[in-house]
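S.K.: Sending over target-v6.cif (mmCIF, C-alpha atoms).
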```
data_target
#
loop_
_atom_site.label_atom_id
_atom_site.label_comp_id
_atom_site.auth_asym_id
_atom_site.auth_seq_id
_atom_site.Cartn_x
_atom_site.Cartn_y
_atom_site.Cartn_z
CA MET X 125 74.21 -3.20 13.79
CA THR X 126 73.50 -3.34 10.10
CA VAL X 127 70.99 -1.47 7.97
CA LYS X 128 70.21 -1.43 4.28
CA ILE X 129 69.82 1.75 2.27
CA ARG X 130 67.97 1.70 -1.00
CA PHE X 131 68.13 4.63 -3.39
CA PHE X 132 65.75 5.04 -6.31
CA ALA X 133 65.70 6.78 -9.69
CA ARG X 134 68.25 9.60 -10.05
CA PHE X 135 69.58 8.93 -6.56
CA ARG X 136 70.29 5.34 -7.56
CA GLU X 137 72.18 6.41 -10.67
CA LEU X 138 74.43 8.59 -8.56
CA LEU X 139 74.82 6.52 -5.40
CA GLY X 140 73.99 2.92 -6.22
CA THR X 141 71.51 0.95 -4.17
CA ASP X 142 71.04 -1.85 -1.65
CA ILE X 143 73.90 -0.48 0.39
CA MET X 144 74.49 -2.54 3.53
CA THR X 145 76.24 -0.55 6.19
CA ASP X 146 77.22 -0.92 9.83
CA VAL X 147 76.02 1.86 12.06
CA VAL X 148 76.61 2.72 15.69
CA ALA X 149 73.65 2.67 18.06
CA GLY X 150 71.89 6.00 18.30
CA MET X 151 72.76 7.23 14.84
CA MET X 152 70.01 9.37 13.34
CA PHE X 153 68.54 8.90 9.86
CA THR X 154 69.75 12.22 8.53
CA SER X 155 73.35 11.58 9.66
CA LEU X 156 73.37 8.11 8.14
CA ILE X 157 72.01 9.19 4.76
CA THR X 158 74.31 12.21 4.77
CA SER X 159 77.37 10.03 5.32
CA ILE X 160 76.40 7.61 2.55
CA ALA X 161 75.46 10.37 0.11
CA LYS X 162 78.73 12.24 0.64
CA LYS X 163 80.54 9.48 -1.24
CA ASN X 164 79.40 11.24 -4.41
CA PRO X 165 79.15 15.05 -4.29
CA GLU X 166 76.57 15.04 -7.09
CA GLY X 167 74.51 12.46 -5.24
CA TYR X 168 74.73 14.48 -2.06
CA ALA X 169 73.64 17.65 -3.87
CA ALA X 170 70.67 15.82 -5.38
CA ILE X 171 69.35 14.88 -1.94
CA PHE X 172 70.51 17.72 0.33
CA ASP X 173 70.46 21.50 -0.02
CA GLU X 174 73.32 23.92 0.73
CA LYS X 175 72.42 23.95 4.42
CA GLY X 176 72.61 20.17 4.62
CA ASP X 177 68.83 19.73 4.95
CA PHE X 178 66.89 17.24 2.88
CA ARG X 179 65.53 18.79 -0.28
CA GLU X 180 61.79 19.24 0.27
CA PHE X 181 60.68 16.72 -2.37
CA VAL X 182 62.77 13.80 -1.02
CA ILE X 183 60.72 10.83 0.19
CA LEU X 184 62.03 8.65 3.02
CA MET X 185 60.65 5.27 3.98
CA LYS X 186 61.67 3.20 7.00
CA ASN X 187 60.69 -0.45 6.59
CA GLY X 188 57.92 0.47 4.18
CA LYS X 189 56.52 3.29 6.34
CA ARG X 190 56.82 6.94 5.49
CA LEU X 191 59.27 8.92 7.61
CA ASP X 192 58.77 12.68 7.43
CA ILE X 193 62.01 14.38 6.43
CA ALA X 194 61.42 16.86 9.26
CA ASP X 195 61.62 13.98 11.76
CA ALA X 196 64.62 12.25 10.23
CA GLU X 197 67.25 14.11 12.22
CA LYS X 198 65.75 12.97 15.52
CA THR X 199 64.78 9.44 14.53
CA PRO X 200 67.41 6.83 15.39
CA VAL X 201 68.25 4.04 12.98
CA GLU X 202 67.52 0.57 14.31
CA ASP X 203 69.20 -2.74 13.58
CA GLY X 204 67.88 -4.34 10.39
CA ASP X 205 66.18 -1.21 9.13
CA GLU X 206 65.56 -0.98 5.43
CA ILE X 207 65.66 2.64 4.39
CA ALA X 208 64.34 3.87 1.04
CA VAL X 209 65.25 7.30 -0.32
CA PHE X 210 63.60 8.48 -3.49
CA PRO X 211 62.48 11.46 -5.55
CA PRO X 212 59.20 11.79 -7.44
CA VAL X 213 59.94 11.29 -11.13
CA ALA X 214 58.41 14.01 -13.24
CA GLY X 215 58.72 13.06 -16.90
CA GLY X 216 55.84 12.10 -19.08
CA MET L 117 24.78 -1.84 -29.06
CA LEU L 118 27.91 -3.07 -30.75
CA SER L 119 27.92 -3.18 -34.51
CA GLU L 120 28.99 -6.30 -36.44
CA ARG L 121 32.16 -4.48 -37.37
CA GLU L 122 32.88 -3.74 -33.69
CA ARG L 123 32.23 -7.34 -32.76
CA GLU L 124 34.88 -8.41 -35.26
CA ARG L 125 37.30 -5.72 -34.20
CA TYR L 126 37.09 -6.60 -30.53
CA LYS L 127 36.57 -10.34 -30.93
CA ARG L 128 39.77 -11.41 -29.24
CA GLN L 129 39.29 -9.27 -26.16
CA MET L 130 35.59 -10.04 -25.90
CA MET L 131 36.78 -13.59 -25.24
CA LEU L 132 37.96 -12.11 -21.93
CA PHE L 133 35.09 -9.85 -20.92
CA GLY L 134 32.23 -10.44 -23.31
CA ASP L 135 29.63 -8.11 -24.79
CA GLU L 136 28.94 -6.50 -21.47
CA GLY L 137 32.57 -5.56 -20.94
CA GLN L 138 32.95 -4.21 -24.44
CA GLU L 139 29.77 -2.16 -24.04
CA ARG L 140 31.20 -0.71 -20.85
CA LEU L 141 34.33 0.37 -22.67
CA LYS L 142 32.24 1.85 -25.46
CA LYS L 143 30.19 3.94 -23.02
CA ALA L 144 33.28 5.17 -21.18
CA HIS L 145 34.93 8.55 -21.46
CA ILE L 146 38.58 8.88 -20.49
CA PHE L 147 40.50 12.13 -20.19
CA ILE L 148 44.19 11.98 -21.08
CA ALA L 149 46.28 14.95 -19.93
CA GLY L 150 49.17 15.13 -22.37
CA ALA L 151 49.90 13.75 -25.84
CA GLY L 152 53.59 13.12 -25.21
CA GLY L 153 55.65 10.15 -24.06
CA LEU L 154 53.01 8.65 -21.78
CA GLY L 155 49.97 10.08 -23.57
CA SER L 156 50.99 8.47 -26.87
CA PRO L 157 50.95 4.81 -25.81
CA VAL L 158 48.08 5.28 -23.36
CA SER L 159 45.83 6.91 -25.97
CA LEU L 160 46.73 4.43 -28.72
CA TYR L 161 45.95 1.41 -26.57
CA LEU L 162 42.77 2.86 -25.08
CA ALA L 163 41.67 3.72 -28.62
CA VAL L 164 42.23 0.21 -29.95
CA ALA L 165 40.61 -1.27 -26.83
CA GLY L 166 37.44 0.60 -27.82
CA VAL L 167 37.12 3.23 -25.10
CA GLY L 168 34.21 5.09 -26.65
CA MET L 169 35.30 8.62 -25.97
CA ILE L 170 38.82 9.88 -25.45
CA THR L 171 39.61 13.48 -24.66
CA ILE L 172 43.28 14.29 -25.09
CA VAL L 173 44.74 17.66 -24.19
CA ASP L 174 48.11 19.15 -25.05
CA MET L 175 49.45 22.65 -25.65
CA ASP L 176 52.59 21.90 -27.63
CA ALA L 177 53.64 21.44 -31.22
CA VAL L 178 55.60 18.39 -32.30
CA ASP L 179 59.35 18.91 -32.02
CA GLN L 180 62.00 16.69 -33.55
CA THR L 181 63.34 15.88 -30.07
CA ASN L 182 59.93 14.37 -29.16
CA LEU L 183 60.14 11.63 -31.76
CA ASN L 184 62.27 9.16 -29.79
CA ARG L 185 59.31 8.43 -27.53
CA GLN L 186 56.09 10.19 -28.55
CA ILE L 187 54.89 7.51 -30.92
CA LEU L 188 51.66 9.26 -31.85
CA HIS L 189 53.70 11.74 -33.82
CA PHE L 190 55.62 11.05 -37.00
CA ASP L 191 58.48 12.80 -38.71
CA ARG L 192 56.04 14.51 -41.07
CA ASP L 193 54.23 16.07 -38.06
CA ILE L 194 57.14 18.22 -36.91
CA GLY L 195 55.80 21.73 -36.28
CA ARG L 196 52.20 20.57 -36.22
CA LYS L 197 50.05 20.82 -33.10
CA LYS L 198 50.24 17.61 -31.10
CA THR L 199 46.47 17.61 -30.75
CA ALA L 200 45.97 17.66 -34.53
CA SER L 201 48.46 14.85 -34.96
CA ALA L 202 46.92 12.86 -32.11
CA GLU L 203 43.37 13.22 -33.37
CA GLU L 204 44.35 12.05 -36.84
CA LYS L 205 46.28 8.98 -35.67
CA LEU L 206 43.78 7.91 -33.03
CA GLN L 207 40.83 8.31 -35.37
CA GLU L 208 42.65 6.32 -38.06
CA ILE L 209 43.61 3.52 -35.74
CA ASN L 210 40.00 3.23 -34.58
CA PRO L 211 37.29 5.04 -36.57
CA ASP L 212 34.58 3.59 -34.30
CA ILE L 213 35.38 5.79 -31.31
CA THR L 214 35.14 9.51 -30.66
CA ILE L 215 38.29 11.57 -30.16
CA HIS L 216 38.25 15.05 -28.68
CA ALA L 217 41.68 16.62 -29.03
CA ILE L 218 41.90 19.95 -27.25
CA ASP L 219 44.77 22.34 -27.81
CA ALA L 220 45.06 23.99 -24.40
CA LYS L 221 47.32 24.53 -21.44
CA ILE L 222 45.74 22.89 -18.42
CA ASP L 223 45.53 25.43 -15.59
CA GLU L 224 43.43 26.09 -12.52
CA THR L 225 40.84 28.06 -14.48
CA ASN L 226 40.04 25.35 -17.03
CA ALA L 227 41.09 21.98 -15.57
CA ALA L 228 37.66 20.99 -14.19
CA ASP L 229 35.86 22.05 -17.38
CA LEU L 230 38.31 20.21 -19.62
CA VAL L 231 37.86 16.99 -17.65
CA GLY L 232 34.09 17.48 -17.84
CA LYS L 233 32.17 14.28 -17.18
CA ALA L 234 35.04 11.91 -17.93
CA ASP L 235 35.04 8.63 -16.00
CA GLY L 236 38.74 8.87 -15.22
CA ILE L 237 41.83 11.01 -15.69
CA VAL L 238 45.12 9.70 -17.05
CA ASP L 239 48.11 11.65 -15.81
CA ALA L 240 50.44 11.83 -18.80
CA MET L 241 51.94 15.16 -17.81
CA ASP L 242 55.58 16.11 -17.54
CA ASN L 243 55.40 18.31 -14.44
CA TYR L 244 54.05 18.20 -10.89
CA PRO L 245 52.21 21.55 -10.73
CA THR L 246 49.81 20.35 -13.46
CA ARG L 247 49.63 16.89 -11.87
CA TYR L 248 48.50 18.51 -8.61
CA LEU L 249 45.75 20.33 -10.51
CA LEU L 250 44.57 17.04 -12.02
CA ASN L 251 44.73 15.51 -8.55
CA ASP L 252 42.45 18.30 -7.24
CA VAL L 253 40.00 17.77 -10.11
CA ALA L 254 39.97 14.00 -9.52
CA ILE L 255 39.20 14.60 -5.83
CA ALA L 256 36.49 17.18 -6.56
CA LYS L 257 34.80 14.97 -9.16
CA LYS L 258 35.50 11.71 -7.30
CA VAL L 259 36.96 10.06 -10.38
CA PRO L 260 40.19 8.04 -10.48
CA LEU L 261 43.55 9.49 -11.43
CA PHE L 262 45.88 7.07 -13.18
CA HIS L 263 49.32 8.42 -12.34
CA GLY L 264 52.52 7.74 -14.23
CA GLY L 265 55.94 9.36 -14.22
CA ILE L 266 59.21 8.53 -15.92
CA ARG L 267 62.85 9.49 -16.08
CA GLY L 268 65.56 7.72 -18.04
CA PHE L 269 65.00 3.97 -17.70
CA TYR L 270 63.02 4.49 -14.52
CA GLY L 271 59.30 4.89 -14.02
CA GLN L 272 56.52 4.91 -11.45
CA ALA L 273 52.76 4.45 -11.53
CA THR L 274 49.83 4.26 -9.14
CA THR L 275 46.05 4.37 -9.30
CA ILE L 276 44.40 6.99 -7.15
CA ILE L 277 40.79 6.51 -6.07
CA PRO L 278 39.83 9.70 -4.20
CA GLY L 279 38.63 9.04 -0.67
CA THR L 280 39.97 5.50 -0.68
CA THR L 281 43.61 5.58 -1.64
CA PRO L 282 46.28 8.15 -0.96
CA CYS L 283 46.13 11.03 -3.43
CA LEU L 284 49.13 12.30 -5.36
CA LYS L 285 49.81 14.93 -2.66
CA CYS L 286 49.77 12.30 0.07
CA ILE L 287 52.45 10.37 -1.80
CA PHE L 288 54.45 13.29 -3.19
CA PRO L 289 53.69 16.42 -1.17
CA LYS L 290 56.37 18.53 -2.87
CA ALA L 291 57.27 18.80 -6.53
CA PRO L 292 60.82 18.08 -7.68
CA PRO L 293 62.55 20.92 -9.55
CA LEU L 294 61.89 21.24 -13.26
CA GLU L 295 64.64 19.85 -15.47
CA VAL L 296 65.10 18.58 -19.00
CA LEU L 297 64.75 14.89 -18.32
CA PRO L 298 66.69 12.21 -20.10
CA VAL L 299 64.37 9.51 -21.41
CA VAL L 300 64.35 6.55 -23.75
CA GLY L 301 61.01 5.77 -25.40
CA VAL L 302 60.64 2.29 -23.97
CA THR L 303 60.19 3.71 -20.47
CA PRO L 304 57.02 5.76 -21.10
CA GLY L 305 55.92 2.86 -23.31
CA PHE L 306 56.19 0.52 -20.34
CA ILE L 307 54.66 2.85 -17.74
CA GLY L 308 51.95 3.95 -20.18
CA MET L 309 50.94 0.30 -20.53
CA VAL L 310 50.64 -0.01 -16.75
CA GLN L 311 48.36 3.03 -16.75
CA ALA L 312 46.28 1.86 -19.72
CA THR L 313 45.88 -1.59 -18.15
CA GLU L 314 44.59 0.09 -15.01
CA VAL L 315 42.09 2.16 -16.98
CA VAL L 316 40.73 -0.91 -18.77
CA LYS L 317 40.43 -2.89 -15.53
CA TYR L 318 38.76 0.03 -13.76
CA LEU L 319 36.23 0.52 -16.53
CA LEU L 320 35.47 -3.19 -16.65
CA GLY L 321 35.38 -3.54 -12.86
CA ILE L 322 37.75 -6.50 -12.92
CA GLY L 323 41.05 -7.45 -11.29
CA GLU L 324 43.04 -5.80 -8.56
CA LEU L 325 43.84 -2.16 -9.13
CA LEU L 326 47.23 -0.62 -8.40
CA THR L 327 45.76 1.15 -5.38
CA GLY L 328 47.67 2.04 -2.23
CA ARG L 329 50.82 0.89 -4.00
CA LEU L 330 53.43 2.82 -5.90
CA PHE L 331 54.71 0.62 -8.72
CA ILE L 332 58.35 1.24 -9.52
CA TRP L 333 60.17 0.04 -12.61
CA ASP L 334 63.93 0.15 -12.99
CA GLY L 335 64.59 -0.77 -16.60
CA MET L 336 68.36 -0.76 -16.15
CA GLN L 337 68.09 -3.51 -13.54
CA ALA L 338 65.02 -5.09 -15.21
CA HIS L 339 63.49 -4.94 -11.76
CA ALA L 340 59.95 -4.07 -10.73
CA GLU L 341 58.81 -3.50 -7.19
CA GLU L 342 56.14 -1.70 -5.26
CA ILE L 343 56.05 0.48 -2.21
CA CYS L 344 52.97 0.63 0.01
CA VAL L 345 51.65 4.17 0.27
CA GLU L 346 49.16 5.53 2.78
CA ARG L 347 46.80 8.45 3.03
CA SER L 348 48.23 11.41 4.86
CA PRO L 349 45.64 12.58 7.43
CA GLY L 350 46.78 16.18 7.12
CA CYS L 351 46.95 16.14 3.32
CA GLU L 352 46.11 19.58 1.96
CA ALA L 353 44.41 18.05 -1.09
CA CYS L 354 42.38 15.10 0.22
CA GLY L 355 42.69 15.37 4.03
CA GLY L 356 39.08 16.52 4.33
CA MET L 357 37.60 13.60 2.44
CA ALA L 358 35.84 10.91 4.43
CA ARG L 359 37.39 7.52 4.08
CA LYS L 360 35.44 5.03 2.01
CA LYS L 361 35.64 1.38 2.88
CA THR L 362 35.39 -0.05 -0.55
CA ILE L 363 36.72 1.03 -3.85
CA ALA L 364 33.97 2.57 -5.93
CA ARG L 365 33.73 1.03 -9.32
CA LYS L 366 32.16 2.50 -12.39
CA LYS L 367 28.47 1.77 -12.51
CA LYS L 368 27.03 -0.18 -15.37
#
```
Could I get this file's structure written as structure tokens?
M.R.:
Amino acid sequence: MTVKIRFFARFRELLGTDIMTDVVAGMMFTSLITSIAKKNPEGYAAIFDEKGDFREFVILMKNGKRLDIADAEKTPVEDGDEIAVFPPVAGG
Amino acid sequence: MLSERERERYKRQMMLFGDEGQERLKKAHIFIAGAGGLGSPVSLYLAVAGVGMITIVDMDAVDQTNLNRQILHFDRDIGRKKTASAEEKLQEINPDITIHAIDAKIDETNAADLVGKADGIVDAMDNYPTRYLLNDVAIAKKVPLFHGGIRGFYGQATTIIPGTTPCLKCIFPKAPPLEVLPVVGVTPGFIGMVQATEVVKYLLGIGELLTGRLFIWDGMQAHAEEICVERSPGCEACGGMARKKTIARKKK
């Protein structure tokens, strides 16, 4: 099955966006985003902390609906999912 | 009543919203938190639109590194308080409005007093802790918060109507770490215009506001999009507020 991952802002600069990827059934959100982010160590470090958990400010959306980062490790990815991963931008 | 001079000044926009609209702008009071990258374009355009009273707050002095984006401040202003520079420019660009420039650091002890009886709050800050304070004040006073944020070529904006739309904490519950952000002046220029447009529409009671939607601009891709955002029932800032069915608009 195929899903699309969209990164925003700083995450996009480091990891690109609109990444189409094949995933095996039963894969969890955290594992999927971890595997994509690991392609760039700086991108990974922007999203995950030293323990491999999402940094607390990261926002996840599944098909336009908020997915709590605390639930991401036990939420399976489904075919056709569009996943958005973004930080709040702080400058003014 | 509008003076003859005001009628001439605002002639081209009064073609859009008439005497009544212009009077509404004249009677309005907008609070702008920050006289930096976002605060510069927002305050300049609200000033020339004829928003009758603008309060603008900042704690900093103009630094040379500000000048690539903070268009209220000129080379000659380096070292001067941003509020002094802002007051001078805004008053010169429109002598028919009232500018209150307040040199202060917005904190929990003064935020509500600084906002006072303003009809709306423009978030032109550069950090989330202060944004959360403004969010709390907007909720307590039931006035809109016009949010904007930028980084590099990338920006975001949304209009928060307390009790109706998600608040800033619903959308972004946790602040990102502080960093020295890269930025090119066109980005706060662009996002500031989204915010200022929202303020004008809100004050006039026209159009569709950017409510329940996070507007996202990626200047590098020249791509704009929006993400639907929802109230968080357990939100620590606005969770206790009853939901309103319709968006409250400023009364005449």
S.K.: Going by the chain IDs and residue numbers used in this file, which residues fall under the PyMOL selection byres ((chain X) within 6 of (chain L))? Write them as a ChimeraX atom specification.
M.R.: /X:133,181,213-216
S.K.: Name the residues that the PyMOL selection byres ((chain X and resi 186) around 6) pulls out of this structure, and write them as number ranges by chain.
M.R.: X: 185, 187-189, 206-207
S.K.: Evaluated on this file, the PyMOL selection byres ((chain X and resi 152) around 8) picks out some residues - which ones are they, written as a ChimeraX atom specification?
M.R.: /X:150-151,153-156,196-201
S.K.: Have a look at L:Arg196, L:Lys257, L:His189, L:Lys233 and name the one nearest to L:Thr171; count all atoms listed in the file.
M.R.: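 The shortest atom-to-atom distance to L:Thr171 comes from L:Lys233.
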S.K.: Is it possible to get the residues within 9 Å of (41.2, 4.3, -27.4) (coordinates as in the file, counting all atoms listed in the file) written as a list of chain:residue names?
M.R.: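 The distance filter leaves exactly L:Ile146, L:Val158, L:Ser159, L:Leu160, L:Tyr161, L:Leu162, L:Ala163, L:Val164, L:Ala165, L:Gly166, L:Val167, L:Gly168, L:Met169, L:Ile170, L:Leu206, L:Gln207, L:Ile209, L:Asn210, L:Ile213, L:Thr214, L:Ile215.
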S.K.: Please save C-alpha atoms of the selected residues as a PDB file, keeping the file's coordinate frame.
M.R.:
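What landed in again.pdb:
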```pdb
ATOM      1  CA  ILE L 146      38.580   8.880 -20.490  1.00  0.00           C
ATOM      2  CA  VAL L 158      48.080   5.280 -23.360  1.00  0.00           C
ATOM      3  CA  SER L 159      45.830   6.910 -25.970  1.00  0.00           C
ATOM      4  CA  LEU L 160      46.730   4.430 -28.720  1.00  0.00           C
ATOM      5  CA  TYR L 161      45.950   1.410 -26.570  1.00  0.00           C
ATOM      6  CA  LEU L 162      42.770   2.860 -25.080  1.00  0.00           C
ATOM      7  CA  ALA L 163      41.670   3.720 -28.620  1.00  0.00           C
ATOM      8  CA  VAL L 164      42.230   0.210 -29.950  1.00  0.00           C
ATOM      9  CA  ALA L 165      40.610  -1.270 -26.830  1.00  0.00           C
ATOM     10  CA  GLY L 166      37.440   0.600 -27.820  1.00  0.00           C
ATOM     11  CA  VAL L 167      37.120   3.230 -25.100  1.00  0.00           C
ATOM     12  CA  GLY L 168      34.210   5.090 -26.650  1.00  0.00           C
ATOM     13  CA  MET L 169      35.300   8.620 -25.970  1.00  0.00           C
ATOM     14  CA  ILE L 170      38.820   9.880 -25.450  1.00  0.00           C
ATOM     15  CA  LEU L 206      43.780   7.910 -33.030  1.00  0.00           C
ATOM     16  CA  GLN L 207      40.830   8.310 -35.370  1.00  0.00           C
ATOM     17  CA  ILE L 209      43.610   3.520 -35.740  1.00  0.00           C
ATOM     18  CA  ASN L 210      40.000   3.230 -34.580  1.00  0.00           C
ATOM     19  CA  ILE L 213      35.380   5.790 -31.310  1.00  0.00           C
ATOM     20  CA  THR L 214      35.140   9.510 -30.660  1.00  0.00           C
ATOM     21  CA  ILE L 215      38.290  11.570 -30.160  1.00  0.00           C
TER      22      ILE L 215
END
```
S.K.: List as a VMD selection string the residues having at least one atom at most 9 Å from position (49.6, 25.3, -14.1) as given in the file, counting all atoms listed in the file.
M.R.: chain L and resid 221 to 224 244 to 249
S.K.: With distances taken over all atoms listed in the file, which of L:Gly195, L:Gly323, L:Gly328, L:Pro211 is nearest to L:Arg125?
M.R.: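 Counting all atoms listed in the file, the residue closest to L:Arg125 is L:Pro211.
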S.K.: Box time for stretch 144-161 of chain X: axis-aligned, enclosing all its listed atoms, 5 Å extra on each side; report centre and edge lengths in Å to one decimal, as lines of an AutoDock Vina configuration file.
M.R.:
```
center_x = 73.0
center_y = 4.8
center_z = 9.2
size_x = 18.8
size_y = 24.8
size_z = 28.2
```
S.K.: With only C-alpha atoms as the counted atoms, please give the residues lying no more than 10 Å from L:Ser201, apart from itself and same-chain residues fewer than 2 positions off, as a short mmCIF file (atom, residue, chain, number, x, y, z; two decimals) with C-alpha atoms, in the frame of the given file.
M.R.:
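Saved to result19.cif:
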```cif
data_model
loop_
_atom_site.label_atom_id
_atom_site.label_comp_id
_atom_site.auth_asym_id
_atom_site.auth_seq_id
_atom_site.Cartn_x
_atom_site.Cartn_y
_atom_site.Cartn_z
CA ALA L 151 49.90 13.75 -25.84
CA ALA L 177 53.64 21.44 -31.22
CA VAL L 178 55.60 18.39 -32.30
CA LEU L 188 51.66 9.26 -31.85
CA HIS L 189 53.70 11.74 -33.82
CA PHE L 190 55.62 11.05 -37.00
CA ARG L 192 56.04 14.51 -41.07
CA ASP L 193 54.23 16.07 -38.06
CA ILE L 194 57.14 18.22 -36.91
CA ARG L 196 52.20 20.57 -36.22
CA LYS L 197 50.05 20.82 -33.10
CA LYS L 198 50.24 17.61 -31.10
CA THR L 199 46.47 17.61 -30.75
CA GLU L 203 43.37 13.22 -33.37
CA GLU L 204 44.35 12.05 -36.84
CA LYS L 205 46.28 8.98 -35.67
CA LEU L 206 43.78 7.91 -33.03
CA ALA L 217 41.68 16.62 -29.03
#
```
S.K.: Return the single residue from L:Ile255, L:Val310, L:Val315, L:Phe262 that is closest to L:Met357, with distances computed using all atoms listed in the file.
M.R.: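 Closest residue, counting all atoms listed in the file: L:Ile255.
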S.K.: Could you please determine the separation between atom CA of L:Asp174 and atom CA of L:Cys354 in Å, to one decimal place?
M.R.: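 The value is 26.2 Å.
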S.K.: For a quick check of understanding, using only C-alpha atoms, which of X:Leu184, X:Gly176, X:Val209, X:Val127 has the smallest distance to X:Leu139?
M.R.: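 Smallest separation from X:Leu139 among the options: X:Val209.
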S.K.: In terms of the shortest atom-to-atom distance over only C-alpha atoms, which of L:Gln337, L:Thr181, L:Thr280, L:Thr275 is closest to L:Leu325?
M.R.: L:Thr275
S.K.: Give me stretch 165-184 of chain X with N, CA and C atoms filled in, as a tab-separated table (two decimals), in the frame of the given file.
M.R.:
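Saved as rebuild-v8.tsv:
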```tsv
chain	number	residue	atom	x	y	z
X	165	PRO	N	79.63	13.68	-4.50
X	165	PRO	CA	79.15	15.05	-4.29
X	165	PRO	C	77.87	15.36	-5.08
X	166	GLU	N	77.77	14.79	-6.29
X	166	GLU	CA	76.57	15.04	-7.09
X	166	GLU	C	75.35	14.36	-6.46
X	167	GLY	N	75.58	13.18	-5.93
X	167	GLY	CA	74.51	12.46	-5.24
X	167	GLY	C	74.06	13.20	-4.00
X	168	TYR	N	75.04	13.71	-3.26
X	168	TYR	CA	74.73	14.48	-2.06
X	168	TYR	C	73.89	15.71	-2.42
X	169	ALA	N	74.33	16.41	-3.47
X	169	ALA	CA	73.64	17.65	-3.87
X	169	ALA	C	72.23	17.37	-4.39
X	170	ALA	N	72.02	16.16	-4.89
X	170	ALA	CA	70.67	15.82	-5.38
X	170	ALA	C	69.69	15.65	-4.22
X	171	ILE	N	70.22	15.20	-3.08
X	171	ILE	CA	69.35	14.88	-1.94
X	171	ILE	C	69.30	16.01	-0.90
X	172	PHE	N	70.44	16.70	-0.71
X	172	PHE	CA	70.51	17.72	0.33
X	172	PHE	C	70.74	19.11	-0.27
X	173	ASP	N	70.24	20.12	0.44
X	173	ASP	CA	70.46	21.50	-0.02
X	173	ASP	C	71.78	22.04	0.56
X	174	GLU	N	72.04	23.32	0.32
X	174	GLU	CA	73.32	23.92	0.73
X	174	GLU	C	73.48	23.91	2.25
X	175	LYS	N	72.35	23.94	2.95
X	175	LYS	CA	72.42	23.95	4.42
X	175	LYS	C	72.55	22.55	5.00
X	176	GLY	N	72.50	21.54	4.13
X	176	GLY	CA	72.61	20.17	4.62
X	176	GLY	C	71.26	19.56	5.01
X	177	ASP	N	70.17	20.27	4.68
X	177	ASP	CA	68.83	19.73	4.95
X	177	ASP	C	68.36	18.93	3.74
X	178	PHE	N	67.47	17.97	4.01
X	178	PHE	CA	66.89	17.24	2.88
X	178	PHE	C	66.18	18.22	1.95
X	179	ARG	N	66.33	18.01	0.66
X	179	ARG	CA	65.53	18.79	-0.28
X	179	ARG	C	64.06	18.43	-0.04
X	180	GLU	N	63.16	19.40	-0.22
X	180	GLU	CA	61.79	19.24	0.27
X	180	GLU	C	61.01	18.12	-0.42
X	181	PHE	N	61.44	17.73	-1.63
X	181	PHE	CA	60.68	16.72	-2.37
X	181	PHE	C	61.13	15.29	-2.07
X	182	VAL	N	62.23	15.15	-1.27
X	182	VAL	CA	62.77	13.80	-1.02
X	182	VAL	C	61.80	12.99	-0.16
X	183	ILE	N	61.59	11.74	-0.55
X	183	ILE	CA	60.72	10.83	0.19
X	183	ILE	C	61.59	9.81	0.93
X	184	LEU	N	61.31	9.64	2.21
X	184	LEU	CA	62.03	8.65	3.02
X	184	LEU	C	61.05	7.60	3.51
```
